file my_file17.pdb (PDB, C-alpha atoms)
ATOM      1  CA  MET A 903       0.000   0.000   0.000  1.00  0.00           C
ATOM      2  CA  ARG A 904       1.268   3.457  -0.937  1.00  0.00           C
ATOM      3  CA  ARG A 905       1.429   6.161   1.703  1.00  0.00           C
ATOM      4  CA  ILE A 906       0.879   9.759   0.610  1.00  0.00           C
ATOM      5  CA  LEU A 907       1.251  13.036   2.505  1.00  0.00           C
ATOM      6  CA  VAL A 908      -1.163  15.743   1.322  1.00  0.00           C
ATOM      7  CA  ILE A 909      -0.043  19.235   2.379  1.00  0.00           C
ATOM      8  CA  GLU A 910      -3.020  21.369   1.429  1.00  0.00           C
ATOM      9  CA  ASP A 911      -5.144  23.910   3.332  1.00  0.00           C
ATOM     10  CA  HIS A 912      -8.339  23.700   1.245  1.00  0.00           C
ATOM     11  CA  ARG A 913     -10.516  21.200   3.094  1.00  0.00           C
ATOM     12  CA  ASP A 914     -12.880  20.454   0.229  1.00  0.00           C
ATOM     13  CA  LEU A 915      -9.995  19.603  -2.070  1.00  0.00           C
ATOM     14  CA  VAL A 916      -8.361  17.419   0.575  1.00  0.00           C
ATOM     15  CA  ARG A 917     -11.663  15.620   1.092  1.00  0.00           C
ATOM     16  CA  SER A 918     -11.989  15.002  -2.650  1.00  0.00           C
ATOM     17  CA  ILE A 919      -8.465  13.599  -2.859  1.00  0.00           C
ATOM     18  CA  PHE A 920      -9.106  11.319   0.118  1.00  0.00           C
ATOM     19  CA  ASN A 921     -12.440  10.103  -1.241  1.00  0.00           C
ATOM     20  CA  TYR A 922     -10.837   9.242  -4.571  1.00  0.00           C
ATOM     21  CA  LEU A 923      -7.523   7.699  -3.465  1.00  0.00           C
ATOM     22  CA  GLU A 924      -8.385   5.842  -0.257  1.00  0.00           C
ATOM     23  CA  PRO A 925     -10.753   3.324  -1.943  1.00  0.00           C
ATOM     24  CA  ARG A 926      -7.921   2.615  -4.387  1.00  0.00           C
ATOM     25  CA  GLY A 927      -5.661   1.402  -1.612  1.00  0.00           C
ATOM     26  CA  TYR A 928      -3.694   4.517  -0.698  1.00  0.00           C
ATOM     27  CA  ILE A 929      -2.975   5.540   2.880  1.00  0.00           C
ATOM     28  CA  LEU A 930      -3.131   9.317   3.250  1.00  0.00           C
ATOM     29  CA  ASP A 931      -2.021  11.785   5.898  1.00  0.00           C
ATOM     30  CA  THR A 932      -2.811  15.464   5.693  1.00  0.00           C
ATOM     31  CA  ALA A 933      -1.304  18.718   6.928  1.00  0.00           C
ATOM     32  CA  PRO A 934      -3.247  22.014   6.754  1.00  0.00           C
ATOM     33  CA  ASP A 935      -0.179  24.272   6.886  1.00  0.00           C
ATOM     34  CA  GLY A 936       3.462  24.301   5.870  1.00  0.00           C
ATOM     35  CA  ARG A 937       5.091  23.843   9.256  1.00  0.00           C
ATOM     36  CA  THR A 938       2.972  20.820  10.114  1.00  0.00           C
ATOM     37  CA  GLY A 939       3.635  19.426   6.648  1.00  0.00           C
ATOM     38  CA  LEU A 940       7.394  19.804   7.002  1.00  0.00           C
ATOM     39  CA  GLU A 941       7.345  18.114  10.395  1.00  0.00           C
ATOM     40  CA  LEU A 942       5.392  15.146   9.049  1.00  0.00           C
ATOM     41  CA  ALA A 943       7.570  14.879   5.938  1.00  0.00           C
ATOM     42  CA  GLU A 944      10.703  14.722   8.068  1.00  0.00           C
ATOM     43  CA  THR A 945       9.464  12.365  10.773  1.00  0.00           C
ATOM     44  CA  GLN A 946       7.219   9.929   8.892  1.00  0.00           C
ATOM     45  CA  SER A 947       7.745   7.609   5.937  1.00  0.00           C
ATOM     46  CA  TYR A 948       5.948   8.416   2.667  1.00  0.00           C
ATOM     47  CA  ASP A 949       6.041   7.235  -0.923  1.00  0.00           C
ATOM     48  CA  ALA A 950       5.067  10.645  -2.319  1.00  0.00           C
ATOM     49  CA  ILE A 951       4.071  14.131  -1.194  1.00  0.00           C
ATOM     50  CA  ILE A 952       1.321  16.305  -2.700  1.00  0.00           C
ATOM     51  CA  LEU A 953       2.260  19.906  -1.940  1.00  0.00           C
ATOM     52  CA  ASP A 954       0.249  23.088  -2.366  1.00  0.00           C
ATOM     53  CA  TRP A 955       2.171  26.299  -3.074  1.00  0.00           C
ATOM     54  CA  ASN A 956       0.144  28.831  -1.075  1.00  0.00           C
ATOM     55  CA  LEU A 957       0.071  27.561   2.494  1.00  0.00           C
ATOM     56  CA  PRO A 958      -0.304  29.232   5.895  1.00  0.00           C
ATOM     57  CA  ARG A 959       2.672  29.386   8.274  1.00  0.00           C
ATOM     58  CA  LEU A 960       5.197  28.216   5.653  1.00  0.00           C
ATOM     59  CA  GLU A 961       4.765  28.471   1.878  1.00  0.00           C
ATOM     60  CA  GLY A 962       5.101  25.349  -0.219  1.00  0.00           C
ATOM     61  CA  LEU A 963       8.267  26.396  -2.028  1.00  0.00           C
ATOM     62  CA  ASP A 964       9.973  27.367   1.235  1.00  0.00           C
ATOM     63  CA  LEU A 965       8.909  24.060   2.755  1.00  0.00           C
ATOM     64  CA  LEU A 966      10.328  22.190  -0.211  1.00  0.00           C
ATOM     65  CA  HIS A 967      13.603  24.124  -0.128  1.00  0.00           C
ATOM     66  CA  THR A 968      14.099  23.262   3.555  1.00  0.00           C
ATOM     67  CA  TYR A 969      13.090  19.633   3.046  1.00  0.00           C
ATOM     68  CA  ARG A 970      15.506  19.087   0.164  1.00  0.00           C
ATOM     69  CA  GLU A 971      18.307  20.995   1.910  1.00  0.00           C
ATOM     70  CA  ARG A 972      18.025  18.617   4.854  1.00  0.00           C
ATOM     71  CA  GLY A 973      18.176  15.589   2.586  1.00  0.00           C
ATOM     72  CA  GLY A 974      14.477  14.817   2.173  1.00  0.00           C
ATOM     73  CA  PRO A 975      14.259  12.102  -0.512  1.00  0.00           C
ATOM     74  CA  VAL A 976      10.525  11.667  -1.163  1.00  0.00           C
ATOM     75  CA  PRO A 977       9.229  12.706  -4.616  1.00  0.00           C
ATOM     76  CA  VAL A 978       6.986  15.770  -4.563  1.00  0.00           C
ATOM     77  CA  LEU A 979       4.066  16.733  -6.798  1.00  0.00           C
ATOM     78  CA  MET A 980       3.299  20.457  -6.653  1.00  0.00           C
ATOM     79  CA  LEU A 981      -0.447  21.120  -6.763  1.00  0.00           C
ATOM     80  CA  THR A 982      -1.265  24.782  -7.401  1.00  0.00           C
ATOM     81  CA  ALA A 983      -3.308  27.294  -9.354  1.00  0.00           C
ATOM     82  CA  ARG A 984      -0.099  28.988 -10.480  1.00  0.00           C
ATOM     83  CA  ASP A 985       0.365  28.233 -14.161  1.00  0.00           C
ATOM     84  CA  ASP A 986       3.009  30.813 -15.054  1.00  0.00           C
ATOM     85  CA  ILE A 987       6.133  29.314 -16.627  1.00  0.00           C
ATOM     86  CA  ASP A 988       8.399  31.195 -14.196  1.00  0.00           C
ATOM     87  CA  ASP A 989       6.596  29.590 -11.254  1.00  0.00           C
ATOM     88  CA  LYS A 990       6.968  26.153 -12.811  1.00  0.00           C
ATOM     89  CA  VAL A 991      10.682  26.692 -13.414  1.00  0.00           C
ATOM     90  CA  ALA A 992      11.160  27.879  -9.824  1.00  0.00           C
ATOM     91  CA  ALA A 993       9.352  24.809  -8.478  1.00  0.00           C
ATOM     92  CA  PHE A 994      11.368  22.330 -10.531  1.00  0.00           C
ATOM     93  CA  ARG A 995      14.622  24.048  -9.604  1.00  0.00           C
ATOM     94  CA  THR A 996      13.692  23.833  -5.932  1.00  0.00           C
ATOM     95  CA  GLY A 997      13.096  20.102  -6.156  1.00  0.00           C
ATOM     96  CA  VAL A 998       9.612  19.086  -7.313  1.00  0.00           C
ATOM     97  CA  GLN A 999       9.336  16.105  -9.653  1.00  0.00           C
ATOM     98  CA  ASP A1000       5.938  16.982 -11.130  1.00  0.00           C
ATOM     99  CA  TYR A1001       3.636  20.004 -11.335  1.00  0.00           C
ATOM    100  CA  LEU A1002      -0.144  19.861 -11.685  1.00  0.00           C
ATOM    101  CA  THR A1003      -2.241  23.012 -12.024  1.00  0.00           C
ATOM    102  CA  LYS A1004      -5.713  23.468 -10.547  1.00  0.00           C
ATOM    103  CA  PRO A1005      -8.364  22.581 -11.562  1.00  0.00           C
ATOM    104  CA  PHE A1006      -7.374  19.015 -12.377  1.00  0.00           C
ATOM    105  CA  ALA A1007      -8.893  15.571 -12.826  1.00  0.00           C
ATOM    106  CA  LEU A1008      -8.410  13.186  -9.907  1.00  0.00           C
ATOM    107  CA  ALA A1009      -7.663  10.361 -12.340  1.00  0.00           C
ATOM    108  CA  GLU A1010      -4.756  12.396 -13.710  1.00  0.00           C
ATOM    109  CA  LEU A1011      -3.501  13.043 -10.178  1.00  0.00           C
ATOM    110  CA  GLU A1012      -3.414   9.309  -9.513  1.00  0.00           C
ATOM    111  CA  VAL A1013      -1.562   8.556 -12.745  1.00  0.00           C
ATOM    112  CA  ARG A1014       1.028  11.220 -12.000  1.00  0.00           C
ATOM    113  CA  LEU A1015       1.502   9.891  -8.461  1.00  0.00           C
ATOM    114  CA  GLU A1016       2.055   6.365  -9.778  1.00  0.00           C
ATOM    115  CA  ALA A1017       4.636   7.679 -12.237  1.00  0.00           C
ATOM    116  CA  LEU A1018       6.421   9.570  -9.443  1.00  0.00           C
ATOM    117  CA  MET A1019       6.550   6.571  -7.149  1.00  0.00           C
ATOM    118  CA  SER A1020       7.947   4.323  -9.861  1.00  0.00           C
ATOM    119  CA  ARG A1021      11.027   6.517 -10.209  1.00  0.00           C
ATOM    120  CA  LYS A1022      14.241   6.205  -8.242  1.00  0.00           C
ATOM    121  CA  PRO A1023      13.980   8.187  -4.992  1.00  0.00           C
ATOM    122  CA  VAL A1024      15.480  11.653  -4.917  1.00  0.00           C
ATOM    123  CA  GLU A1025      18.724  11.934  -3.014  1.00  0.00           C
ATOM    124  CA  SER A1026      19.900  15.323  -1.924  1.00  0.00           C
ATOM    125  CA  ARG A1027      23.680  15.676  -2.192  1.00  0.00           C
ATOM    126  CA  GLN A1028      23.960  19.175  -0.759  1.00  0.00           C
ATOM    127  CA  LEU A1029      23.488  20.099   2.893  1.00  0.00           C
ATOM    128  CA  GLN A1030      23.734  23.656   4.178  1.00  0.00           C
ATOM    129  CA  ILE A1031      23.316  25.362   7.548  1.00  0.00           C
ATOM    130  CA  ALA A1032      24.027  29.104   7.511  1.00  0.00           C
ATOM    131  CA  ASP A1033      27.439  29.470   5.816  1.00  0.00           C
ATOM    132  CA  LEU A1034      28.399  25.815   6.399  1.00  0.00           C
ATOM    133  CA  GLN A1035      28.064  23.606   3.298  1.00  0.00           C
ATOM    134  CA  TYR A1036      28.582  19.858   2.929  1.00  0.00           C
ATOM    135  CA  ASP A1037      28.560  18.237  -0.516  1.00  0.00           C
ATOM    136  CA  LEU A1038      27.885  14.548   0.126  1.00  0.00           C
ATOM    137  CA  GLY A1039      28.921  13.623  -3.389  1.00  0.00           C
ATOM    138  CA  THR A1040      32.392  15.158  -3.356  1.00  0.00           C
ATOM    139  CA  GLN A1041      32.725  15.090   0.463  1.00  0.00           C
ATOM    140  CA  ARG A1042      33.744  18.744   0.284  1.00  0.00           C
ATOM    141  CA  ILE A1043      32.999  20.745   3.447  1.00  0.00           C
ATOM    142  CA  VAL A1044      33.194  24.538   3.287  1.00  0.00           C
ATOM    143  CA  ARG A1045      32.404  27.335   5.701  1.00  0.00           C
ATOM    144  CA  SER A1046      32.566  30.991   4.659  1.00  0.00           C
ATOM    145  CA  GLY A1047      34.520  29.928   1.592  1.00  0.00           C
ATOM    146  CA  LYS A1048      37.143  28.058   3.634  1.00  0.00           C
ATOM    147  CA  LYS A1049      37.580  24.337   2.979  1.00  0.00           C
ATOM    148  CA  LEU A1050      37.419  22.245   6.151  1.00  0.00           C
ATOM    149  CA  HIS A1051      38.994  18.850   6.791  1.00  0.00           C
ATOM    150  CA  LEU A1052      37.311  16.210   8.957  1.00  0.00           C
ATOM    151  CA  TYR A1053      38.079  12.554   9.553  1.00  0.00           C
ATOM    152  CA  PRO A1054      35.317  10.010   8.739  1.00  0.00           C
ATOM    153  CA  ALA A1055      33.681   9.794  12.174  1.00  0.00           C
ATOM    154  CA  CYS A1056      33.293  13.564  12.349  1.00  0.00           C
ATOM    155  CA  ARG A1057      31.967  13.646   8.797  1.00  0.00           C
ATOM    156  CA  ARG A1058      29.275  11.156   9.767  1.00  0.00           C
ATOM    157  CA  LEU A1059      28.325  13.183  12.849  1.00  0.00           C
ATOM    158  CA  LEU A1060      28.192  16.337  10.761  1.00  0.00           C
ATOM    159  CA  GLU A1061      25.879  14.717   8.217  1.00  0.00           C
ATOM    160  CA  VAL A1062      23.488  13.454  10.905  1.00  0.00           C
ATOM    161  CA  LEU A1063      23.388  16.831  12.653  1.00  0.00           C
ATOM    162  CA  MET A1064      22.916  18.775   9.410  1.00  0.00           C
ATOM    163  CA  ARG A1065      20.091  16.516   8.231  1.00  0.00           C
ATOM    164  CA  ALA A1066      18.290  16.941  11.573  1.00  0.00           C
ATOM    165  CA  SER A1067      18.874  20.689  11.897  1.00  0.00           C
ATOM    166  CA  PRO A1068      17.479  22.671  13.626  1.00  0.00           C
ATOM    167  CA  ASP A1069      16.238  19.783  15.765  1.00  0.00           C
ATOM    168  CA  THR A1070      18.266  18.226  18.549  1.00  0.00           C
ATOM    169  CA  VAL A1071      19.919  14.839  18.058  1.00  0.00           C
ATOM    170  CA  THR A1072      20.291  12.767  21.217  1.00  0.00           C
ATOM    171  CA  ARG A1073      23.559  11.251  22.331  1.00  0.00           C
ATOM    172  CA  GLU A1074      22.090   7.789  21.781  1.00  0.00           C
ATOM    173  CA  GLN A1075      21.155   8.601  18.178  1.00  0.00           C
ATOM    174  CA  LEU A1076      24.637   9.916  17.430  1.00  0.00           C
ATOM    175  CA  GLU A1077      26.261   6.877  19.016  1.00  0.00           C
ATOM    176  CA  ARG A1078      24.090   4.543  16.925  1.00  0.00           C
ATOM    177  CA  SER A1079      25.001   6.446  13.775  1.00  0.00           C
ATOM    178  CA  LEU A1080      28.682   5.730  14.438  1.00  0.00           C
ATOM    179  CA  TRP A1081      28.756   2.351  16.172  1.00  0.00           C
ATOM    180  CA  GLY A1082      25.354   0.739  15.732  1.00  0.00           C
ATOM    181  CA  GLU A1083      23.914  -1.035  18.763  1.00  0.00           C
ATOM    182  CA  ASP A1084      27.260  -1.559  20.510  1.00  0.00           C
ATOM    183  CA  PRO A1085      28.684   1.893  21.283  1.00  0.00           C
ATOM    184  CA  PRO A1086      31.878   2.357  23.322  1.00  0.00           C
ATOM    185  CA  ASP A1087      32.021   4.527  26.436  1.00  0.00           C
ATOM    186  CA  ALA A1088      30.615   8.050  26.319  1.00  0.00           C
ATOM    187  CA  ASP A1089      34.029   9.683  26.198  1.00  0.00           C
ATOM    188  CA  ARG A1090      34.501   8.528  22.594  1.00  0.00           C
ATOM    189  CA  LEU A1091      31.511  10.523  21.401  1.00  0.00           C
ATOM    190  CA  ARG A1092      32.600  13.567  23.426  1.00  0.00           C
ATOM    191  CA  ALA A1093      36.020  13.407  21.792  1.00  0.00           C
ATOM    192  CA  HIS A1094      34.517  13.332  18.301  1.00  0.00           C
ATOM    193  CA  ILE A1095      32.170  16.217  19.133  1.00  0.00           C
ATOM    194  CA  TYR A1096      35.124  18.190  20.473  1.00  0.00           C
ATOM    195  CA  ASP A1097      37.055  17.619  17.243  1.00  0.00           C
ATOM    196  CA  LEU A1098      34.030  18.484  15.111  1.00  0.00           C
ATOM    197  CA  ARG A1099      33.363  21.713  17.025  1.00  0.00           C
ATOM    198  CA  LYS A1100      37.012  22.745  16.797  1.00  0.00           C
ATOM    199  CA  VAL A1101      36.950  22.499  12.990  1.00  0.00           C
ATOM    200  CA  ILE A1102      33.507  23.868  12.089  1.00  0.00           C
ATOM    201  CA  ASP A1103      33.203  26.510  14.854  1.00  0.00           C
ATOM    202  CA  GLY A1104      36.692  27.215  16.194  1.00  0.00           C
ATOM    203  CA  PRO A1105      37.877  29.777  13.618  1.00  0.00           C
ATOM    204  CA  PHE A1106      34.467  31.428  13.201  1.00  0.00           C
ATOM    205  CA  GLU A1107      32.614  34.059  15.204  1.00  0.00           C
ATOM    206  CA  THR A1108      29.161  32.478  14.898  1.00  0.00           C
ATOM    207  CA  LYS A1109      28.914  29.105  16.613  1.00  0.00           C
ATOM    208  CA  LEU A1110      26.668  26.492  15.013  1.00  0.00           C
ATOM    209  CA  LEU A1111      27.170  23.390  17.176  1.00  0.00           C
ATOM    210  CA  HIS A1112      25.279  23.616  20.471  1.00  0.00           C
ATOM    211  CA  THR A1113      25.252  21.249  23.442  1.00  0.00           C
ATOM    212  CA  LEU A1114      22.058  20.524  25.349  1.00  0.00           C
ATOM    213  CA  PRO A1115      23.241  19.072  28.669  1.00  0.00           C
ATOM    214  CA  ARG A1116      22.018  15.523  29.328  1.00  0.00           C
ATOM    215  CA  VAL A1117      20.099  15.573  26.035  1.00  0.00           C
ATOM    216  CA  GLY A1118      22.312  15.828  22.964  1.00  0.00           C
ATOM    217  CA  TYR A1119      23.467  18.278  20.316  1.00  0.00           C
ATOM    218  CA  ARG A1120      21.984  20.523  17.666  1.00  0.00           C
ATOM    219  CA  LEU A1121      23.514  22.246  14.661  1.00  0.00           C
ATOM    220  CA  ALA A1122      21.838  25.574  13.913  1.00  0.00           C
ATOM    221  CA  ASP A1123      22.389  29.291  13.545  1.00  0.00           C
ATOM    222  CA  GLU A1124      20.793  30.636  16.731  1.00  0.00           C
ATOM    223  CA  ARG A1125      20.549  34.079  15.132  1.00  0.00           C
ATOM    224  CA  MET A1126      17.857  32.684  12.809  1.00  0.00           C
ATOM    225  CA  LYS A1127      15.417  31.898  15.626  1.00  0.00           C
ATOM    226  CA  PRO A1128      11.962  33.417  15.035  1.00  0.00           C
TER     227      PRO A1128
END
call {"tool": "encode", "arguments": {"input": "my_file17.pdb", "output": "structure tokens"}}
result
Amino acid sequence: MRRILVIEDHRDLVRSIFNYLEPRGYILDTAPDGRTGLELAETQSYDAIILDWNLPRLEGLDLLHTYRERGGPVPVLMLTARDDIDDKVAAFRTGVQDYLTKPFALAELEVRLEALMSRKPVESRQLQIADLQYDLGTQRIVRSGKKLHLYPACRRLLEVLMRASPDTVTREQLERSLWGEDPPDADRLRAHIYDLRKVIDGPFETKLLHTLPRVGYRLADERMKP
């Protein structure tokens, strides 16, 4: 069974999509605003996402940009009344795989979803937090134009923290990312965090790696808090 996330604030349209797709074997979740949609997309498992452009709290294109930047792999179908070519180009460049303008036929929506889900999943190769960039393909790490050098364990920690940003990652989650279910003593993780912080934060005025005592760590630009 295919699981779909519908991020759309028009209740009648959401109801129509549910009434059409659920009897055909789809499992659907819905989010009425962008922030809720982003949270669901990042914490749940989906085969495809239907995304409206004009959403409360966080617009669809901004949601998509954040989702892809953090490594979100699920294919996205943009569902919107915007039919201008510039809007379509902007959406595809941000990371949608298909674009369907309103009004539309529900049968066409289903066909497009099936085509999306038959493709190879999207894999983001670029992560960025503030001026810190990590290209997963080339393994190049840069901050403020300066190339940084990290050994493999620190690279893995950096990837996990960047994908989760701005959320906190617990010590247990970081230990599992490095050593699976048999982690060494806690001092090993502290040593890696120390080395990571020294490289990505040491030479720079703005600190990105933050410790939450007895909880874990988060990688974020605190200046960007709402």
call {"tool": "atom_distance", "arguments": {"input": "my_file17.pdb", "atom1": "CA of Glu1124 (chain A)", "atom2": "CA of Lys1109 (chain A)"}}
result
8.3 Å
call {"tool": "closest_residue", "arguments": {"input": "my_file17.pdb", "among": "A:Arg970, A:His912, A:Arg959, A:His1112", "to": "Gly939 (chain A)", "atoms": "all atoms listed in the file"}}
result
A:Arg959
call {"tool": "closest_residue", "arguments": {"input": "my_file17.pdb", "among": "A:Gly1118, A:Val908, A:Pro977, A:Lys990", "to": "Leu957 (chain A)", "atoms": "all atoms listed in the file"}}
result
A:Val908
call {"tool": "resolve_selection", "arguments": {"input": "my_file17.pdb", "expression": "the PyMOL selection byres ((chain A and resi 965) around 12)", "output": "ChimeraX atom specification"}}
result
/A:909,935-944,951,953-964,966-972,974,978,980,993,996-998
call {"tool": "atom_distance", "arguments": {"input": "my_file17.pdb", "atom1": "CA of Glu1012 (chain A)", "atom2": "CA of Ile929 (chain A)"}}
result
13.0 Å
call {"tool": "resolve_selection", "arguments": {"input": "my_file17.pdb", "expression": "the PyMOL selection byres ((chain A and resi 923-926) around 12)", "output": "list in words"}}
result
Met903, Arg904, Arg905, Ile906, Leu907, Val908, Val916, Arg917, Ser918, Ile919, Phe920, Asn921, Tyr922, Gly927, Tyr928, Ile929, Leu930, Asp931, Leu1008, Ala1009, Glu1010, Leu1011, Glu1012, Val1013, Leu1015 and Glu1016 of chain A
call {"tool": "write_last_selection", "arguments": {"input": "my_file17.pdb", "atoms": "C-alpha atoms", "output": "short mmCIF file (atom, residue, chain, number, x, y, z; two decimals), in the frame of the given file"}}
result
data_model
loop_
_atom_site.label_atom_id
_atom_site.label_comp_id
_atom_site.auth_asym_id
_atom_site.auth_seq_id
_atom_site.Cartn_x
_atom_site.Cartn_y
_atom_site.Cartn_z
CA MET A 903 0.00 0.00 0.00
CA ARG A 904 1.27 3.46 -0.94
CA ARG A 905 1.43 6.16 1.70
CA ILE A 906 0.88 9.76 0.61
CA LEU A 907 1.25 13.04 2.50
CA VAL A 908 -1.16 15.74 1.32
CA VAL A 916 -8.36 17.42 0.57
CA ARG A 917 -11.66 15.62 1.09
CA SER A 918 -11.99 15.00 -2.65
CA ILE A 919 -8.46 13.60 -2.86
CA PHE A 920 -9.11 11.32 0.12
CA ASN A 921 -12.44 10.10 -1.24
CA TYR A 922 -10.84 9.24 -4.57
CA GLY A 927 -5.66 1.40 -1.61
CA TYR A 928 -3.69 4.52 -0.70
CA ILE A 929 -2.98 5.54 2.88
CA LEU A 930 -3.13 9.32 3.25
CA ASP A 931 -2.02 11.78 5.90
CA LEU A 1008 -8.41 13.19 -9.91
CA ALA A 1009 -7.66 10.36 -12.34
CA GLU A 1010 -4.76 12.40 -13.71
CA LEU A 1011 -3.50 13.04 -10.18
CA GLU A 1012 -3.41 9.31 -9.51
CA VAL A 1013 -1.56 8.56 -12.74
CA LEU A 1015 1.50 9.89 -8.46
CA GLU A 1016 2.06 6.36 -9.78
#
call {"tool": "resolve_selection", "arguments": {"input": "my_file17.pdb", "expression": "the PyMOL selection byres ((chain A and resi 1099) around 10)", "output": "list in words"}}
result
Cys1056, Leu1060, Ala1093, His1094, Ile1095, Tyr1096, Asp1097, Leu1098, Lys1100, Val1101, Ile1102, Asp1103, Gly1104, Pro1105, Lys1109, Leu1110, Leu1111 and His1112 of chain A
call {"tool": "closest_residue", "arguments": {"input": "my_file17.pdb", "among": "A:Leu1050, A:Ala983, A:Leu1018, A:Leu915", "to": "Gln1035 (chain A)", "atoms": "only C-alpha atoms"}}
result
A:Leu1050
call {"tool": "residues_around", "arguments": {"input": "my_file17.pdb", "residues": "region 1073-1078 of chain A", "least_positions_apart": "6", "cutoff": "10 Å", "atoms": "all atoms listed in the file", "output": "PyMOL selection string"}}
result
chain A and resi 1058-1060+1062-1063+1084-1088+1090-1092+1095+1114+1116-1119
call {"tool": "atom_distance", "arguments": {"input": "my_file17.pdb", "atom1": "CA of Asp911 (chain A)", "atom2": "CA of Leu979 (chain A)"}}
result
15.5 Å
call {"tool": "axis_aligned_box", "arguments": {"input": "my_file17.pdb", "around": "region 1057-1073 of chain A", "padding_each_side": "6 Å", "output": "AutoDock Vina command-line options"}}
result
--center_x 24.1 --center_y 16.9 --center_z 15.3 --size_x 27.7 --size_y 23.5 --size_z 26.1
call {"tool": "closest_residue", "arguments": {"input": "my_file17.pdb", "among": "A:Gly973, A:Arg1125, A:Asp988, A:Val1071", "to": "Tyr1036 (chain A)", "atoms": "only C-alpha atoms"}}
result
A:Gly973
